[in-house]
$ cat target23.cif   # mmCIF, C-alpha atoms
data_protein
loop_
_atom_site.label_atom_id
_atom_site.label_comp_id
_atom_site.auth_asym_id
_atom_site.auth_seq_id
_atom_site.Cartn_x
_atom_site.Cartn_y
_atom_site.Cartn_z
CA MET A 363 6.56 -25.03 -20.64
CA ASP A 364 5.41 -27.28 -23.54
CA LYS A 365 5.70 -24.78 -26.37
CA LEU A 366 6.97 -21.28 -27.03
CA THR A 367 6.33 -19.01 -30.01
CA ILE A 368 9.12 -16.59 -30.87
CA LYS A 369 8.66 -13.54 -33.09
CA ALA A 370 11.03 -10.73 -34.09
CA GLU A 371 9.44 -7.38 -33.24
CA THR A 372 12.48 -5.62 -34.70
CA LYS A 373 15.23 -6.56 -37.14
CA ILE A 374 17.63 -3.97 -35.77
CA ILE A 375 19.50 -5.60 -32.87
CA ASN A 376 21.65 -3.44 -30.60
CA GLY A 377 22.91 -3.35 -27.01
CA GLU A 378 24.90 -5.46 -24.54
CA VAL A 379 24.57 -9.10 -23.53
CA ASN A 380 25.94 -10.62 -20.31
CA LEU A 381 26.65 -14.11 -21.57
CA THR A 382 26.37 -17.26 -19.53
CA ALA A 383 29.71 -18.71 -18.41
CA SER A 384 31.41 -21.62 -20.16
CA LYS A 385 30.19 -24.99 -18.89
CA SER A 386 33.19 -26.62 -20.58
CA GLU A 387 35.63 -24.67 -18.40
CA SER A 388 33.36 -24.89 -15.34
CA ASN A 389 33.01 -28.68 -15.40
CA ARG A 390 36.72 -29.25 -15.90
CA VAL A 391 37.71 -26.94 -13.05
CA LEU A 392 35.12 -28.56 -10.76
CA ILE A 393 36.76 -31.96 -11.29
CA ILE A 394 40.21 -30.46 -10.68
CA ARG A 395 38.97 -28.87 -7.45
CA ALA A 396 37.47 -32.18 -6.31
CA LEU A 397 40.88 -33.82 -6.85
CA CYS A 398 42.76 -31.03 -5.11
CA ASP A 399 43.82 -31.13 -1.44
CA LYS A 400 42.75 -27.51 -1.06
CA HIS A 401 39.26 -26.18 -1.75
CA PHE A 402 39.41 -22.98 -3.80
CA PRO A 403 36.85 -20.46 -5.09
CA ILE A 404 35.62 -20.64 -8.68
CA HIS A 405 34.22 -17.31 -9.86
CA ASN A 406 31.59 -16.93 -12.62
CA LEU A 407 30.71 -20.63 -12.51
CA ALA A 408 28.27 -21.53 -15.29
CA ALA A 409 24.57 -21.43 -14.49
CA ALA A 410 24.04 -24.28 -16.97
CA LYS A 411 22.03 -27.25 -15.74
CA ASP A 412 24.94 -29.57 -16.64
CA THR A 413 27.23 -27.62 -14.31
CA LYS A 414 24.68 -27.50 -11.51
CA THR A 415 24.34 -31.27 -11.87
CA MET A 416 28.10 -31.64 -11.58
CA VAL A 417 28.18 -29.50 -8.41
CA GLU A 418 25.29 -31.41 -6.81
CA ILE A 419 26.77 -34.83 -7.56
CA LEU A 420 30.23 -33.93 -6.27
CA GLU A 421 28.70 -32.60 -3.05
CA ASP A 422 26.29 -35.54 -2.61
CA LYS A 423 27.49 -38.25 -0.22
CA GLY A 424 25.26 -40.95 -1.74
CA THR A 425 26.49 -43.76 -3.96
CA ILE A 426 23.94 -43.46 -6.80
CA LYS A 427 24.74 -40.56 -9.12
CA ASP A 428 22.15 -39.50 -11.74
CA VAL A 429 23.56 -37.11 -14.35
CA GLY A 430 20.32 -36.78 -16.32
CA PRO A 431 21.16 -35.86 -19.96
CA ALA A 432 24.59 -34.34 -19.16
CA GLY A 433 27.14 -36.10 -21.38
CA THR A 434 30.26 -34.25 -20.25
CA THR A 435 29.26 -34.80 -16.64
CA MET A 436 28.80 -38.55 -17.21
CA ARG A 437 32.17 -38.97 -18.89
CA PHE A 438 34.16 -36.86 -16.45
CA LEU A 439 32.54 -38.53 -13.44
CA THR A 440 33.12 -42.02 -14.81
CA ALA A 441 36.87 -41.40 -14.65
CA PHE A 442 36.60 -39.46 -11.37
CA TYR A 443 34.70 -42.21 -9.52
CA ALA A 444 36.89 -44.94 -11.01
CA ASN A 445 39.67 -43.11 -9.17
CA THR A 446 37.67 -42.58 -5.94
CA PRO A 447 37.50 -45.35 -3.30
CA GLY A 448 33.99 -46.75 -2.87
CA LYS A 449 31.25 -48.42 -4.89
CA TRP A 450 29.36 -46.05 -7.20
CA ILE A 451 26.49 -46.26 -9.67
CA LEU A 452 26.35 -43.70 -12.47
CA THR A 453 23.11 -43.41 -14.40
CA GLY A 454 21.21 -40.84 -16.46
CA SER A 455 18.30 -40.08 -18.76
CA GLU A 456 16.93 -42.54 -21.32
CA ARG A 457 19.09 -40.95 -24.03
CA MET A 458 22.14 -41.12 -21.74
CA ARG A 459 21.53 -44.83 -21.21
CA ASN A 460 21.95 -45.26 -24.96
CA ARG A 461 25.02 -43.05 -25.43
CA PRO A 462 28.27 -45.01 -25.89
CA ILE A 463 30.95 -44.92 -23.21
CA ALA A 464 32.86 -48.15 -23.90
CA ILE A 465 35.99 -46.41 -25.22
CA LEU A 466 36.43 -44.64 -21.89
CA VAL A 467 35.49 -47.69 -19.81
CA ASP A 468 37.95 -49.89 -21.72
CA ALA A 469 40.73 -47.35 -21.14
CA LEU A 470 39.95 -47.15 -17.42
CA GLU A 471 39.85 -50.94 -17.12
CA SER A 472 43.29 -51.13 -18.71
CA LEU A 473 44.44 -48.92 -15.81
CA GLY A 474 42.89 -51.24 -13.23
CA ALA A 475 39.30 -50.00 -12.98
CA LYS A 476 36.46 -52.38 -12.07
CA ILE A 477 33.35 -51.33 -14.01
CA LYS A 478 30.15 -53.22 -14.90
CA TYR A 479 27.43 -52.30 -17.38
CA LEU A 480 24.09 -52.62 -15.60
CA GLU A 481 21.84 -52.52 -18.66
CA LYS A 482 22.98 -52.14 -22.29
CA GLU A 483 26.54 -53.27 -23.04
CA GLY A 484 28.79 -50.28 -23.73
CA CYS A 485 26.42 -47.68 -22.25
CA PRO A 486 25.41 -46.34 -18.83
CA PRO A 487 24.30 -47.08 -16.16
CA LEU A 488 27.63 -48.17 -14.73
CA GLU A 489 28.61 -49.84 -11.48
CA ILE A 490 32.08 -48.68 -10.51
CA GLU A 491 34.31 -50.07 -7.80
CA GLY A 492 36.63 -47.10 -7.40
CA GLY A 493 40.11 -46.53 -6.13
CA ASN A 494 42.01 -49.27 -7.96
CA LEU A 495 43.65 -47.18 -10.68
CA LYS A 496 47.33 -47.07 -11.50
CA GLY A 497 49.11 -45.04 -14.13
CA GLY A 498 50.81 -46.40 -17.20
CA LYS A 499 50.63 -46.43 -20.99
CA ILE A 500 47.41 -46.84 -22.94
CA SER A 501 46.23 -46.52 -26.53
CA ILE A 502 42.81 -44.98 -27.13
CA ASP A 503 40.70 -44.04 -30.14
CA GLY A 504 40.79 -40.24 -30.32
CA SER A 505 38.34 -39.90 -33.21
CA VAL A 506 35.00 -40.39 -31.43
CA SER A 507 34.91 -37.85 -28.59
CA SER A 508 37.49 -35.60 -26.96
CA GLN A 509 35.47 -35.93 -23.73
CA TYR A 510 36.80 -39.46 -23.20
CA LEU A 511 40.34 -38.12 -23.47
CA SER A 512 39.64 -35.11 -21.24
CA ALA A 513 38.13 -37.36 -18.57
CA LEU A 514 41.39 -39.32 -18.43
CA ILE A 515 43.58 -36.22 -18.56
CA LEU A 516 41.81 -34.67 -15.57
CA ILE A 517 42.59 -37.62 -13.29
CA ALA A 518 46.02 -38.37 -14.79
CA PRO A 519 48.20 -36.29 -12.40
CA THR A 520 46.73 -38.18 -9.44
CA LEU A 521 47.61 -41.64 -10.84
CA PRO A 522 50.70 -43.44 -9.53
CA GLY A 523 53.29 -43.00 -12.26
CA GLY A 524 51.17 -40.58 -14.24
CA LEU A 525 49.70 -41.43 -17.65
CA GLU A 526 50.88 -41.80 -21.23
CA MET A 527 48.15 -41.89 -23.90
CA GLU A 528 48.72 -42.77 -27.52
CA LEU A 529 45.83 -41.33 -29.54
CA ILE A 530 44.70 -43.50 -32.45
CA GLY A 531 43.00 -42.06 -35.54
CA LYS A 532 41.96 -38.52 -36.34
CA ILE A 533 41.68 -36.59 -33.07
CA ALA A 534 38.22 -35.07 -32.51
CA SER A 535 37.76 -31.54 -31.17
CA ILE A 536 41.43 -30.80 -30.50
CA PRO A 537 40.70 -27.35 -28.95
CA TYR A 538 38.68 -29.04 -26.16
CA LEU A 539 41.63 -31.36 -25.56
CA LYS A 540 44.01 -28.41 -25.43
CA MET A 541 41.62 -26.61 -23.06
CA THR A 542 41.80 -29.54 -20.64
CA LEU A 543 45.59 -29.67 -20.84
CA ALA A 544 45.89 -25.90 -20.32
CA LEU A 545 43.62 -26.09 -17.26
CA ILE A 546 45.49 -28.94 -15.58
CA ALA A 547 48.71 -26.97 -16.17
CA GLU A 548 47.06 -23.91 -14.59
CA PHE A 549 46.76 -25.96 -11.41
CA GLY A 550 50.30 -27.30 -11.43
CA ALA A 551 50.24 -30.42 -13.62
CA LYS A 552 53.05 -31.07 -16.09
CA TYR A 553 52.44 -32.58 -19.52
CA SER A 554 53.73 -32.94 -23.07
CA PHE A 555 51.72 -33.45 -26.27
CA GLU A 556 53.79 -34.59 -29.22
CA ASN A 557 53.14 -36.86 -32.20
CA ASN A 558 49.68 -37.94 -31.02
CA THR A 559 51.06 -38.93 -27.61
CA ILE A 560 50.11 -37.15 -24.38
CA LYS A 561 52.32 -37.67 -21.34
CA ILE A 562 51.18 -36.38 -17.94
CA GLU A 563 53.45 -36.59 -14.92
CA GLU A 564 52.32 -37.79 -11.51
CA GLY A 565 51.86 -34.86 -9.14
CA LYS A 566 49.41 -32.87 -7.05
CA TYR A 567 47.01 -30.17 -8.13
CA VAL A 568 47.68 -26.82 -6.46
CA GLY A 569 44.48 -24.96 -5.62
CA LYS A 570 44.07 -21.30 -6.63
CA GLU A 571 41.23 -18.89 -7.36
CA PHE A 572 39.84 -19.23 -10.86
CA THR A 573 37.45 -17.16 -12.98
CA VAL A 574 35.51 -18.90 -15.76
CA GLU A 575 35.30 -17.19 -19.16
CA ALA A 576 31.94 -16.55 -20.82
CA ASP A 577 30.70 -19.24 -23.20
CA TRP A 578 31.70 -18.96 -26.87
CA SER A 579 29.08 -21.60 -27.77
CA ALA A 580 26.43 -19.25 -26.37
CA ALA A 581 28.05 -16.36 -28.24
CA SER A 582 27.51 -18.22 -31.52
CA TYR A 583 23.76 -17.57 -31.37
CA TRP A 584 24.38 -13.83 -31.10
CA TYR A 585 26.72 -13.95 -34.08
CA GLN A 586 23.92 -15.75 -35.91
CA ILE A 587 21.43 -13.07 -34.87
CA ALA A 588 23.79 -10.33 -36.09
CA ALA A 589 24.15 -12.07 -39.45
CA LEU A 590 20.38 -12.53 -39.90
CA ALA A 591 19.36 -9.04 -38.70
CA ASP A 592 18.99 -6.04 -41.00
CA GLU A 593 21.30 -4.07 -38.71
CA ALA A 594 23.24 -5.13 -35.61
CA ASN A 595 25.64 -3.69 -33.06
CA LEU A 596 26.01 -6.03 -30.09
CA THR A 597 28.55 -6.14 -27.26
CA LEU A 598 29.05 -9.55 -25.67
CA LYS A 599 30.55 -9.44 -22.18
CA GLY A 600 33.14 -11.77 -20.67
CA LEU A 601 34.87 -13.07 -23.82
CA LYS A 602 38.61 -13.14 -24.45
CA LYS A 603 40.27 -12.62 -27.83
CA VAL A 604 42.72 -15.41 -26.99
CA SER A 605 40.46 -18.15 -25.62
CA LEU A 606 40.82 -21.77 -24.56
CA GLN A 607 37.46 -22.46 -26.23
CA GLY A 608 37.48 -23.87 -29.76
CA ASP A 609 34.13 -22.27 -30.55
CA SER A 610 35.88 -18.88 -30.64
CA ALA A 611 36.49 -19.85 -34.29
CA ILE A 612 33.12 -18.23 -35.00
CA VAL A 613 34.88 -14.84 -35.09
CA ASP A 614 36.42 -15.76 -38.43
CA MET A 615 33.46 -17.81 -39.67
CA TYR A 616 31.02 -14.93 -39.41
CA LYS A 617 33.20 -12.56 -41.43
CA ASN A 618 31.69 -14.51 -44.35
CA PHE A 619 28.29 -13.13 -43.35
CA SER A 620 29.28 -9.46 -42.89
CA VAL A 621 29.73 -9.65 -39.10
CA GLU A 622 32.90 -7.95 -37.86
CA SER A 623 34.29 -8.40 -34.31
CA THR A 624 36.10 -5.74 -32.27
CA PHE A 625 37.68 -6.76 -28.95
CA ASN A 626 38.07 -4.39 -26.02
CA GLY A 627 39.31 -6.02 -22.83
CA ASN A 628 37.09 -8.97 -21.94
CA GLN A 629 34.29 -8.13 -24.33
CA VAL A 630 33.66 -8.18 -28.08
CA THR A 631 31.43 -5.94 -30.19
CA LEU A 632 29.73 -7.43 -33.25
CA GLU A 633 28.72 -5.14 -36.07
CA LYS A 634 26.74 -6.01 -39.18
CA ILE A 635 28.55 -4.18 -41.95
CA LYS A 636 27.50 -3.51 -45.52
CA SER A 637 29.47 -5.88 -47.67
CA LYS A 638 28.86 -8.56 -50.25
CA LYS A 639 28.06 -11.82 -48.49
CA SER A 640 29.73 -15.07 -49.47
CA GLU A 641 27.85 -17.15 -52.02
CA ARG A 642 28.71 -20.39 -50.22
CA PHE A 643 30.24 -21.54 -46.94
CA ASP A 644 32.29 -24.73 -46.69
CA TYR A 645 33.85 -25.70 -43.38
CA ASP A 646 35.43 -28.57 -41.46
CA PHE A 647 33.93 -28.53 -37.95
CA SER A 648 36.23 -31.20 -36.49
CA ASP A 649 37.57 -28.70 -33.93
CA CYS A 650 34.22 -27.08 -33.07
CA PRO A 651 31.28 -29.42 -33.80
CA ASP A 652 28.94 -27.71 -31.31
CA VAL A 653 28.52 -24.67 -33.60
CA ALA A 654 27.77 -26.66 -36.76
CA GLN A 655 24.00 -26.44 -36.22
CA THR A 656 24.25 -22.70 -35.70
CA LEU A 657 26.07 -22.28 -39.01
CA ALA A 658 23.66 -24.58 -40.85
CA ALA A 659 20.74 -22.47 -39.65
CA THR A 660 22.61 -19.27 -40.52
CA ILE A 661 23.24 -20.20 -44.13
CA THR A 662 19.67 -21.47 -44.44
CA GLY A 663 18.44 -18.05 -43.32
CA LEU A 664 20.78 -16.27 -45.74
CA ASN A 665 20.05 -18.68 -48.62
CA ILE A 666 23.72 -19.65 -48.99
CA GLU A 667 24.99 -23.05 -50.07
CA GLY A 668 27.43 -24.96 -47.91
CA HIS A 669 29.28 -28.22 -47.35
CA PHE A 670 30.05 -29.22 -43.74
CA LYS A 671 32.62 -31.82 -42.70
CA GLY A 672 33.91 -33.05 -39.33
CA LEU A 673 30.45 -33.79 -37.92
CA GLU A 674 30.95 -37.43 -36.87
CA SER A 675 30.56 -36.71 -33.15
CA LEU A 676 27.13 -35.11 -33.71
CA ARG A 677 25.57 -38.56 -34.05
CA ILE A 678 26.18 -39.31 -30.34
CA LYS A 679 25.22 -35.98 -28.78
CA GLU A 680 21.99 -35.30 -26.84
CA THR A 681 20.28 -36.40 -30.05
CA ASP A 682 21.44 -37.36 -33.53
CA ARG A 683 22.15 -33.76 -34.50
CA ILE A 684 22.84 -34.55 -38.15
CA ALA A 685 19.35 -36.00 -38.56
CA ALA A 686 17.88 -33.09 -36.57
CA ILE A 687 19.60 -30.49 -38.77
CA LYS A 688 18.07 -32.03 -41.87
CA LYS A 689 14.57 -32.55 -40.50
CA GLU A 690 14.13 -29.17 -38.78
CA LEU A 691 15.80 -26.89 -41.34
CA GLU A 692 13.88 -28.47 -44.20
CA LYS A 693 10.74 -27.11 -42.51
CA PHE A 694 12.02 -23.68 -43.64
CA GLY A 695 12.48 -24.73 -47.26
CA ALA A 696 16.13 -25.75 -47.03
CA SER A 697 17.37 -28.67 -49.10
CA ILE A 698 19.87 -30.70 -47.07
CA GLU A 699 21.72 -33.83 -48.15
CA ILE A 700 23.44 -36.18 -45.73
CA LEU A 701 26.57 -37.43 -47.47
CA PRO A 702 28.90 -40.35 -46.66
CA ASN A 703 31.13 -39.88 -43.60
CA ASP A 704 28.33 -37.87 -41.94
CA GLU A 705 28.99 -34.77 -44.00
CA ILE A 706 26.08 -32.52 -44.93
CA LYS A 707 25.42 -30.34 -47.95
CA VAL A 708 23.06 -27.37 -47.71
CA ASN A 709 21.68 -26.51 -51.15
CA HIS A 710 19.93 -23.36 -52.32
CA GLY A 711 16.36 -23.47 -51.13
CA SER A 712 13.65 -20.88 -50.82
CA LEU A 713 13.19 -19.70 -47.25
CA LYS A 714 9.47 -19.84 -46.64
CA SER A 715 7.05 -18.82 -43.94
CA PHE A 716 7.25 -21.41 -41.22
CA ASN A 717 4.27 -23.50 -40.26
CA GLY A 718 4.13 -26.25 -37.66
CA SER A 719 6.61 -26.51 -34.82
CA ILE A 720 10.26 -27.28 -34.14
CA GLU A 721 11.06 -30.50 -32.29
CA THR A 722 13.94 -30.10 -29.86
CA TYR A 723 14.69 -33.78 -29.04
CA ASP A 724 15.76 -32.90 -25.47
CA ASP A 725 18.67 -31.03 -27.13
CA HIS A 726 19.42 -27.44 -26.13
CA ARG A 727 21.39 -26.67 -29.29
CA VAL A 728 18.52 -27.56 -31.60
CA ALA A 729 16.30 -24.99 -29.88
CA MET A 730 18.91 -22.24 -29.67
CA SER A 731 20.20 -22.58 -33.24
CA ILE A 732 16.73 -22.53 -34.81
CA ALA A 733 15.26 -19.63 -32.80
CA PRO A 734 17.18 -16.78 -34.57
CA LEU A 735 15.49 -17.75 -37.84
CA CYS A 736 12.48 -15.82 -36.50
CA LEU A 737 14.31 -12.83 -38.05
CA LYS A 738 13.52 -14.33 -41.46
CA VAL A 739 10.00 -15.71 -41.00
CA ASP A 740 6.84 -14.47 -39.29
CA SER A 741 7.24 -16.57 -36.15
CA ILE A 742 8.50 -19.97 -34.97
CA GLU A 743 6.86 -22.38 -32.55
CA ILE A 744 9.39 -24.35 -30.49
CA GLU A 745 8.51 -27.46 -28.50
CA GLU A 746 9.96 -28.07 -25.01
CA PRO A 747 11.79 -24.70 -24.91
CA ASP A 748 13.00 -25.25 -21.33
CA VAL A 749 15.68 -27.54 -22.74
CA VAL A 750 17.94 -24.46 -23.08
CA ALA A 751 18.54 -24.66 -19.31
CA LYS A 752 21.14 -27.34 -20.07
CA SER A 753 23.67 -24.68 -21.13
CA TYR A 754 22.06 -21.19 -21.37
CA PRO A 755 19.16 -20.84 -18.88
CA ASN A 756 18.53 -17.16 -19.63
CA TYR A 757 18.46 -17.55 -23.41
CA TRP A 758 14.79 -16.69 -24.04
CA ASN A 759 14.92 -13.70 -21.68
CA ASP A 760 18.09 -12.38 -23.32
CA LEU A 761 16.48 -12.66 -26.75
CA ALA A 762 13.31 -10.91 -25.54
CA VAL A 763 15.29 -7.91 -24.27
CA LYS A 764 16.67 -7.47 -27.80
CA GLY A 765 13.25 -7.66 -29.45
CA LEU A 766 12.95 -11.38 -30.21
CA LYS A 767 9.89 -11.89 -28.05
CA SER A 768 8.43 -15.20 -26.97
CA SER A 769 4.95 -16.12 -25.83
#

$ encode --input "target23.cif" --output "structure tokens"
Amino acid sequence: MDKLTIKAETKIINGEVNLTASKSESNRVLIIRALCDKHFPIHNLAAAKDTKTMVEILEDKGTIKDVGPAGTTMRFLTAFYANTPGKWILTGSERMRNRPIAILVDALESLGAKIKYLEKEGCPPLEIEGGNLKGGKISIDGSVSSQYLSALILIAPTLPGGLEMELIGKIASIPYLKMTLALIAEFGAKYSFENNTIKIEEGKYVGKEFTVEADWSAASYWYQIAALADEANLTLKGLKKVSLQGDSAIVDMYKNFSVESTFNGNQVTLEKIKSKKSERFDYDFSDCPDVAQTLAATITGLNIEGHFKGLESLRIKETDRIAAIKKELEKFGASIEILPNDEIKVNHGSLKSFNGSIETYDDHRVAMSIAPLCLKVDSIEIEEPDVVAKSYPNYWNDLAVKGLKSS
């Protein structure tokens, strides 16, 4: 599908939503299972394209592995195949072949890996001669992407002597790091995390049944819809009040926009209440950068000012998300400044009827964060809408059921 037009046929949003499962949990547990002596069932595995790609590659007996645009998959598999005997080639989409991976490759090489860049220095595709890794002590920049660190943590228990990592600089997306550590512990690994040093003991993963939680990143779009609607009462299935996912921080964020959350078992009900909204929203997204676009679109729709920090990692996502936030939200009348250190400032604008179309840049989060603004304008035309399959394949159908219809 080249284009999709989305229009809100109602501004009163009620009912239940069966959310897609977390691809962050899914992809980590898939690597753990691949490293485990015993195959075990994973329930509620994400339907996201990134997770399907991970499953297909791990099951494929060939030596050339194409991850497409899946960044987490590329980083986790780089460490996995560096630790797997054989000669492997990891490649991906054009954007993937320009996304940096040198920090992870350098760390793996310090542990004995043999890796060559086949095209652009510091980026995929990679030729990996696997199975030469040993444990030990390394220092690694923790400020760029927690995925590099998680990739190493996942293989660490299988390394002779285990692994000790000293993290240099401000650590990016700590909740994702803690998620990885909690999951390896779930399967028997032992670790400590003190004073920016992670120590993981050598050992074996112990297989056991596992059920993946629903995706809090996907939930963020429903929080956004609740905030932008005239009235809302939505129950999101499969979410835990105490979650491994950093994006669960949206529960507190959206209190600023009159959205209250009530948990009951493994579900949460969102209600739009009558209260005075905040006049501005300032936030440091270092721990949850994936929801920054959602919040930028939310405050644009509510005509609230804001100052966002902790966005450095957005430059190296599926697209340059900082540039995309500015370009696409300004089509709605927002005034957005990009400040030093990749911070952004959203100034008071005048939300206007939207004309033209939204570019999605092969980035699922651009499409999904912009779409709820149809509650504030007549309609929105979105280019390449199928990009949502990367993390939330049923997104457009779920929106349509609630009255945000697409054609």

$ residues_around --input "target23.cif" --residues "range 572-577 of chain A" --least-positions-apart "5" --cutoff "7 Å" --atoms "only C-alpha atoms" --output "PyMOL selection string"
chain A and resi 381-384+387-388+403-407+600-601

$ closest_residue --input "target23.cif" --among "A:Ile742, A:Val728, A:Ile666, A:Leu392" --to "Ser768 in chain A" --atoms "all atoms listed in the file"
A:Ile742

$ resolve_selection --input "target23.cif" --expression "the PyMOL selection byres ((chain A and resi 753-757) around 10)" --output "ChimeraX atom specification"
/A:380-386,408-413,432,577,579-580,583,726-727,730,747-752,758-762

$ resolve_selection --input "target23.cif" --expression "the PyMOL selection byres ((chain A and resi 527) around 6)" --output "mmCIF file with C-alpha atoms, keeping the file's coordinate frame"
data_model
loop_
_atom_site.group_PDB
_atom_site.id
_atom_site.type_symbol
_atom_site.label_atom_id
_atom_site.label_comp_id
_atom_site.auth_asym_id
_atom_site.auth_seq_id
_atom_site.Cartn_x
_atom_site.Cartn_y
_atom_site.Cartn_z
ATOM 1 C CA LYS A 499 50.630 -46.430 -20.990
ATOM 2 C CA ILE A 500 47.410 -46.840 -22.940
ATOM 3 C CA SER A 501 46.230 -46.520 -26.530
ATOM 4 C CA GLU A 526 50.880 -41.800 -21.230
ATOM 5 C CA GLU A 528 48.720 -42.770 -27.520
ATOM 6 C CA THR A 559 51.060 -38.930 -27.610
ATOM 7 C CA ILE A 560 50.110 -37.150 -24.380
#

$ resolve_selection --input "target23.cif" --expression "the PyMOL selection byres ((chain A and resi 462) around 10)" --output "list of chain:residue names"
A:Met458, A:Arg459, A:Asn460, A:Arg461, A:Ile463, A:Ala464, A:Ile465, A:Leu466, A:Val467, A:Lys482, A:Glu483, A:Gly484, A:Cys485, A:Pro486, A:Val506, A:Ile678, A:Lys679

$ write_last_selection --input "target23.cif" --atoms "C-alpha atoms" --output "CSV table (one decimal), keeping the file's coordinate frame"
chain,number,residue,atom,x,y,z
A,458,MET,CA,22.1,-41.1,-21.7
A,459,ARG,CA,21.5,-44.8,-21.2
A,460,ASN,CA,22.0,-45.3,-25.0
A,461,ARG,CA,25.0,-43.0,-25.4
A,463,ILE,CA,31.0,-44.9,-23.2
A,464,ALA,CA,32.9,-48.2,-23.9
A,465,ILE,CA,36.0,-46.4,-25.2
A,466,LEU,CA,36.4,-44.6,-21.9
A,467,VAL,CA,35.5,-47.7,-19.8
A,482,LYS,CA,23.0,-52.1,-22.3
A,483,GLU,CA,26.5,-53.3,-23.0
A,484,GLY,CA,28.8,-50.3,-23.7
A,485,CYS,CA,26.4,-47.7,-22.2
A,486,PRO,CA,25.4,-46.3,-18.8
A,506,VAL,CA,35.0,-40.4,-31.4
A,678,ILE,CA,26.2,-39.3,-30.3
A,679,LYS,CA,25.2,-36.0,-28.8

$ atom_distance --input "target23.cif" --atom1 "CA of Glu481 in chain A" --atom2 "CA of Gly433 in chain A"
17.5 Å

$ residues_around --input "target23.cif" --residues "Gly718 in chain A" --least-positions-apart "5" --cutoff "10 Å" --atoms "all atoms listed in the file" --output "PyMOL selection string"
chain A and resi 693+742-744

$ atom_distance --input "target23.cif" --atom1 "CA of Asn626 in chain A" --atom2 "CA of Trp578 in chain A"
15.9 Å

$ atom_distance --input "target23.cif" --atom1 "CA of Val379 in chain A" --atom2 "CA of Lys599 in chain A"
6.1 Å

$ residues_near_point --input "target23.cif" --point "(48.7, -45.0, -7.8)" --cutoff "8 Å" --atoms "all atoms listed in the file" --output "PyMOL selection string"
chain A and resi 494-497+520-523

$ closest_residue --input "target23.cif" --among "A:Leu366, A:Ala469, A:Ala589, A:Leu664" --to "Gly504 in chain A" --atoms "all atoms listed in the file"
A:Ala469

$ axis_aligned_box --input "target23.cif" --around "range 532-550 of chain A" --padding-each-side "4 Å" --output "lines of an AutoDock Vina configuration file"
center_x = 44.0
center_y = -31.2
center_z = -23.9
size_x = 20.5
size_y = 22.6
size_z = 32.9

$ closest_residue --input "target23.cif" --among "A:Glu667, A:Glu622, A:Glu745, A:Glu690" --to "Phe643 in chain A" --atoms "all atoms listed in the file"
A:Glu667

$ residues_around --input "target23.cif" --residues "range 417-423 of chain A" --least-positions-apart "6" --cutoff "9 Å" --atoms "all atoms listed in the file" --output "ChimeraX atom specification"
/A:389,392-393,396,429,439
